[in-house]
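One structure below.
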Amino acid sequence: RKEVEQDPGPFNVPEGATVAFNCTYSNSASQSFFWYRQDCRKEPKLLMSVYSSGNEDGRFTAQLNRASQYISLLIRDSKLSDSATYLCVVNDYTDKLIFGTGTRLQVFP
Amino acid sequence: DTGVSQDPRHKITKRGQNVTFRCDPISEHNRLYWYRQTLGQGPEFLTYFQNEAQLEKSRLLSDRFSAERPKGSFSTLEIQRTEQGDSAMYLCASSPSRGPNEQFFGPGTRLTVL
């Protein structure tokens, strides 16, 4: 079983739609959680950290459920520029990040 | 530009040759990481430095791979006797010594082994 699992997609949504991505992780000792965004052939860029209380940044909302070992990302009012791969990332008691394989999002006009 | 930089951005080499990549982290960041990413996968951890000390190495890092960070600033990753399976994007990231370990990535070095 992979340490971080994501649906690879692709998710094809029209502009203005709301889309949600889910992710599960296997290590209950995981301490920090993140969503990264990666454009084609570019480096991953930190989108947001995920906190137990949930957090929001503009159109993006992240949730963490430690009991179910589940992380989510909600994107409201999708823009064409949101088209990218979204990587779910966890950090256990060591300092390395463990990445999921990513979920590809394609927003169309 | 005060972000993480990597050099070269692209490297094409023949099987059996040695290659070396360089990473310059964000200047105030003490932690430096190397990852490898292949097509369709997320980045995989290779190794990690806290200042000049190499604190962890993945089992992915075979004996042909070596990394250094001699003065606690820039880092190099060397691959000896390259194999076609080494073809990948090699990513460097850095993070500050305190806080939730938010890591910031450089643009990567894309290695192609012929």
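Chain lettering (A, B, ...) mirrors the order of the structure tokens, residue numbering begins at 1 for each chain separately, and ligand numbering begins at 1 in order of display.
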Fill in: Non-local contacts of Ser81 (chain A) (10 Å; only C-alpha atoms; under 2 positions in same chain excluded) as number ranges by chain
A: 15, 39, 78-79, 83-84, 106-108
Worksheet item: What residues in chain A have any atom no more than 12 Å from chain B when counting only C-alpha atoms, and can you write them as a PyMOL selection string?
Response: chain A and resi 2-6+8-10+30-51+85-104
Let's have the selection written as a short mmCIF file (atom, residue, chain, number, x, y, z; two decimals), in the first residue's frame, with N, CA and C atoms.
data_model
loop_
_atom_site.label_atom_id
_atom_site.label_comp_id
_atom_site.auth_asym_id
_atom_site.auth_seq_id
_atom_site.Cartn_x
_atom_site.Cartn_y
_atom_site.Cartn_z
N LYS A 2 0.54 2.23 -0.86
CA LYS A 2 1.33 3.45 -0.91
C LYS A 2 1.08 4.27 0.35
N GLU A 3 2.11 5.04 0.75
CA GLU A 3 1.97 5.83 1.96
C GLU A 3 0.97 6.96 1.81
N VAL A 4 0.90 7.53 0.61
CA VAL A 4 -0.05 8.60 0.32
C VAL A 4 -0.77 8.22 -0.97
N GLU A 5 -2.08 8.15 -0.91
CA GLU A 5 -2.84 7.72 -2.09
C GLU A 5 -3.78 8.82 -2.56
N GLN A 6 -3.76 9.03 -3.87
CA GLN A 6 -4.64 10.01 -4.49
C GLN A 6 -5.23 9.42 -5.76
N PRO A 8 -5.64 9.67 -9.46
CA PRO A 8 -4.82 10.40 -10.43
C PRO A 8 -5.62 11.28 -11.38
N GLY A 9 -6.96 11.07 -11.46
CA GLY A 9 -7.78 11.84 -12.37
C GLY A 9 -7.58 11.36 -13.80
N PRO A 10 -7.72 12.20 -14.83
CA PRO A 10 -7.92 13.65 -14.68
C PRO A 10 -9.35 14.03 -14.32
N SER A 30 2.07 10.68 11.05
CA SER A 30 2.28 11.88 10.22
C SER A 30 1.88 13.12 10.99
N GLN A 31 2.70 14.16 10.82
CA GLN A 31 2.52 15.34 11.67
C GLN A 31 2.15 16.60 10.90
N SER A 32 2.63 16.72 9.68
CA SER A 32 2.36 17.93 8.90
C SER A 32 1.80 17.50 7.55
N PHE A 33 0.98 18.36 7.00
CA PHE A 33 0.26 18.01 5.78
C PHE A 33 0.22 19.22 4.86
N PHE A 34 0.34 18.96 3.56
CA PHE A 34 0.43 20.06 2.62
C PHE A 34 -0.26 19.68 1.32
N TRP A 35 -0.65 20.70 0.58
CA TRP A 35 -0.99 20.53 -0.83
C TRP A 35 0.02 21.35 -1.63
N TYR A 36 0.59 20.71 -2.64
CA TYR A 36 1.47 21.37 -3.59
C TYR A 36 0.79 21.34 -4.95
N ARG A 37 1.10 22.33 -5.75
CA ARG A 37 0.63 22.39 -7.12
C ARG A 37 1.84 22.23 -8.03
N GLN A 38 1.67 21.44 -9.12
CA GLN A 38 2.76 21.26 -10.07
C GLN A 38 2.23 21.43 -11.49
N ASP A 39 2.78 22.40 -12.18
CA ASP A 39 2.48 22.58 -13.60
C ASP A 39 3.38 21.66 -14.41
N CYS A 40 2.95 21.39 -15.64
CA CYS A 40 3.65 20.43 -16.49
C CYS A 40 5.13 20.80 -16.63
N ARG A 41 6.00 19.86 -16.29
CA ARG A 41 7.45 20.01 -16.44
C ARG A 41 8.04 21.15 -15.59
N LYS A 42 7.32 21.51 -14.53
CA LYS A 42 7.82 22.52 -13.60
C LYS A 42 7.99 21.89 -12.22
N GLU A 43 8.56 22.66 -11.29
CA GLU A 43 8.73 22.16 -9.94
C GLU A 43 7.44 22.27 -9.15
N PRO A 44 7.28 21.46 -8.10
CA PRO A 44 6.12 21.62 -7.21
C PRO A 44 6.20 22.95 -6.47
N LYS A 45 5.04 23.58 -6.31
CA LYS A 45 4.98 24.83 -5.55
C LYS A 45 3.97 24.65 -4.43
N LEU A 46 4.36 25.12 -3.25
CA LEU A 46 3.49 24.98 -2.09
C LEU A 46 2.22 25.78 -2.29
N LEU A 47 1.10 25.10 -2.21
CA LEU A 47 -0.20 25.76 -2.33
C LEU A 47 -0.69 26.18 -0.94
N MET A 48 -0.71 25.22 -0.03
CA MET A 48 -1.11 25.54 1.34
C MET A 48 -0.77 24.40 2.28
N SER A 49 -0.50 24.76 3.52
CA SER A 49 -0.39 23.79 4.58
C SER A 49 -1.81 23.43 5.02
N VAL A 50 -1.97 22.28 5.63
CA VAL A 50 -3.29 21.82 6.06
C VAL A 50 -3.27 21.65 7.56
N TYR A 51 -4.19 22.30 8.25
CA TYR A 51 -4.23 22.25 9.70
C TYR A 51 -5.46 21.46 10.17
N THR A 85 -1.41 19.72 -11.78
CA THR A 85 -1.46 18.52 -10.95
C THR A 85 -1.34 18.94 -9.49
N TYR A 86 -2.22 18.41 -8.66
CA TYR A 86 -2.24 18.76 -7.24
C TYR A 86 -1.70 17.57 -6.44
N LEU A 87 -0.63 17.83 -5.71
CA LEU A 87 0.08 16.79 -4.96
C LEU A 87 -0.27 16.87 -3.48
N CYS A 88 -0.72 15.77 -2.94
CA CYS A 88 -0.97 15.64 -1.51
C CYS A 88 0.33 15.21 -0.85
N VAL A 89 0.71 15.85 0.24
CA VAL A 89 2.03 15.62 0.83
C VAL A 89 1.92 15.50 2.34
N VAL A 90 2.62 14.53 2.91
CA VAL A 90 2.65 14.40 4.36
C VAL A 90 4.09 14.38 4.85
N ASN A 91 4.26 14.71 6.09
CA ASN A 91 5.57 14.77 6.72
C ASN A 91 5.45 14.01 8.03
N ASP A 92 6.23 12.94 8.17
CA ASP A 92 6.14 12.17 9.41
C ASP A 92 7.15 12.72 10.42
N TYR A 93 7.58 11.91 11.34
CA TYR A 93 8.48 12.38 12.39
C TYR A 93 9.88 12.65 11.88
N THR A 94 10.19 12.22 10.66
CA THR A 94 11.47 12.59 10.04
C THR A 94 11.24 13.89 9.28
N ASP A 95 12.21 14.33 8.54
CA ASP A 95 12.06 15.61 7.86
C ASP A 95 11.75 15.50 6.39
N LYS A 96 11.58 14.29 5.88
CA LYS A 96 11.31 14.17 4.46
C LYS A 96 9.82 14.28 4.19
N LEU A 97 9.51 14.81 3.01
CA LEU A 97 8.13 14.87 2.55
C LEU A 97 7.81 13.60 1.76
N ILE A 98 6.60 13.11 1.95
CA ILE A 98 6.13 11.95 1.20
C ILE A 98 4.98 12.42 0.33
N PHE A 99 5.15 12.25 -0.98
CA PHE A 99 4.21 12.77 -1.95
C PHE A 99 3.30 11.68 -2.47
N GLY A 100 2.05 12.05 -2.71
CA GLY A 100 1.19 11.21 -3.53
C GLY A 100 1.58 11.36 -4.99
N THR A 101 0.94 10.59 -5.84
CA THR A 101 1.26 10.64 -7.26
C THR A 101 0.63 11.85 -7.94
N GLY A 102 -0.29 12.52 -7.25
CA GLY A 102 -0.89 13.72 -7.81
C GLY A 102 -2.23 13.46 -8.47
N THR A 103 -3.06 14.49 -8.47
CA THR A 103 -4.35 14.47 -9.15
C THR A 103 -4.33 15.56 -10.21
N ARG A 104 -4.59 15.16 -11.44
CA ARG A 104 -4.53 16.14 -12.53
C ARG A 104 -5.89 16.82 -12.70
#
Discussion item. Please return, as number ranges by chain, all residues of region 30-113 of chain B that DSSP assigns to strand (DSSP E or B) on the basis of the backbone.
Written reply: B: 31-37, 44-50, 53-57, 65-68, 75-79, 88-95, 104-105, 109-113
Worksheet item: What separation in Å, quoted to one decimal, exists between CA of Gly16 (chain B) and CA of Leu32 (chain B)?
Response: 27.6 Å
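When the distance limit is 10 Å and only C-alpha atoms are what count, the residues near Arg66 (chain A), minus those fewer than 2 positions from it on the same chain, are Thr24, Tyr25, Ser28, Ala29, Ser30, Gln31, Ser52, Gln63, Leu64, Ser68, Gln69, Tyr70 and Ile71 of chain A.
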Practice prompt. Tell me which protein, DNA and RNA residues are within 12 Å of Thr112 (chain B), counting only C-alpha atoms, leaving out same-chain ones fewer than 6 positions away, and put them as a list in words.
Written response: Arg9, His10, Lys11, Ile12, Thr13, Lys14, Arg15, Gln17, Val19, Thr38, Thr82, Glu83, Gln84, Gly85, Asp86, Ser87, Ala88, Met89 and Tyr90 of chain B
Discussion item. Applying 7 Å and only C-alpha atoms, which residues near Thr61 (chain A) remain after dropping the ones on its own chain fewer than 3 positions away? List them as a list in words.
Written reply: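 These residues fall inside the cut-off: Asn55, Glu56, Asp57, Leu73, Leu74 and Ile75 of chain A.
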Store the residues picked out above, limited to C-alpha atoms, as a PDB file, in the first residue's frame.
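Resulting contents of again01.pdb:
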ATOM      1  CA  ASN A  55      -7.976  26.345   6.593  1.00  0.00           C
ATOM      2  CA  GLU A  56      -8.971  28.514   3.702  1.00  0.00           C
ATOM      3  CA  ASP A  57      -6.994  30.644   1.287  1.00  0.00           C
ATOM      4  CA  LEU A  73      -8.734  20.154  -1.065  1.00  0.00           C
ATOM      5  CA  LEU A  74     -11.712  22.086  -2.363  1.00  0.00           C
ATOM      6  CA  ILE A  75     -11.384  24.593  -5.191  1.00  0.00           C
TER       7      ILE A  75
END
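The coordinates place CA of Ile26 (chain B) at 14.5 Å from CA of Asp7 (chain B).
Atom to atom, CA of Leu114 (chain B) and CA of Phe21 (chain B) stand 17.5 Å apart.
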Worksheet entry | Nearest-residue call for Phe65 (chain B), choices B:Asn51, B:Gln80, B:Ser5, B:Asn18, using only C-alpha atoms | B:Gln80
Item to complete: For Thr2 (chain B), please output as JSON, numbers by chain all residues within 10 Å (counting only C-alpha atoms; exclusion window: fewer than 6 positions along the same chain).
Response: {"B": [24, 25, 26, 27]}
Generate a file of the selected residues that holds N, CA, C and O atoms, formatted as a short mmCIF file (atom, residue, chain, number, x, y, z; two decimals), in the first residue's frame.
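Generated file (result-v4.cif):
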data_model
loop_
_atom_site.label_atom_id
_atom_site.label_comp_id
_atom_site.auth_asym_id
_atom_site.auth_seq_id
_atom_site.Cartn_x
_atom_site.Cartn_y
_atom_site.Cartn_z
N ASP B 24 21.55 25.59 -5.04
CA ASP B 24 21.74 26.70 -4.11
C ASP B 24 20.42 26.98 -3.43
O ASP B 24 19.46 27.40 -4.08
N PRO B 25 20.34 26.75 -2.11
CA PRO B 25 19.06 26.92 -1.41
C PRO B 25 18.78 28.40 -1.14
O PRO B 25 19.62 29.27 -1.39
N ILE B 26 17.61 28.66 -0.62
CA ILE B 26 17.29 30.00 -0.11
C ILE B 26 18.27 30.31 1.01
O ILE B 26 18.51 29.45 1.88
N SER B 27 18.82 31.50 1.03
CA SER B 27 20.01 31.77 1.83
C SER B 27 19.82 31.53 3.33
O SER B 27 20.72 31.05 3.99
#
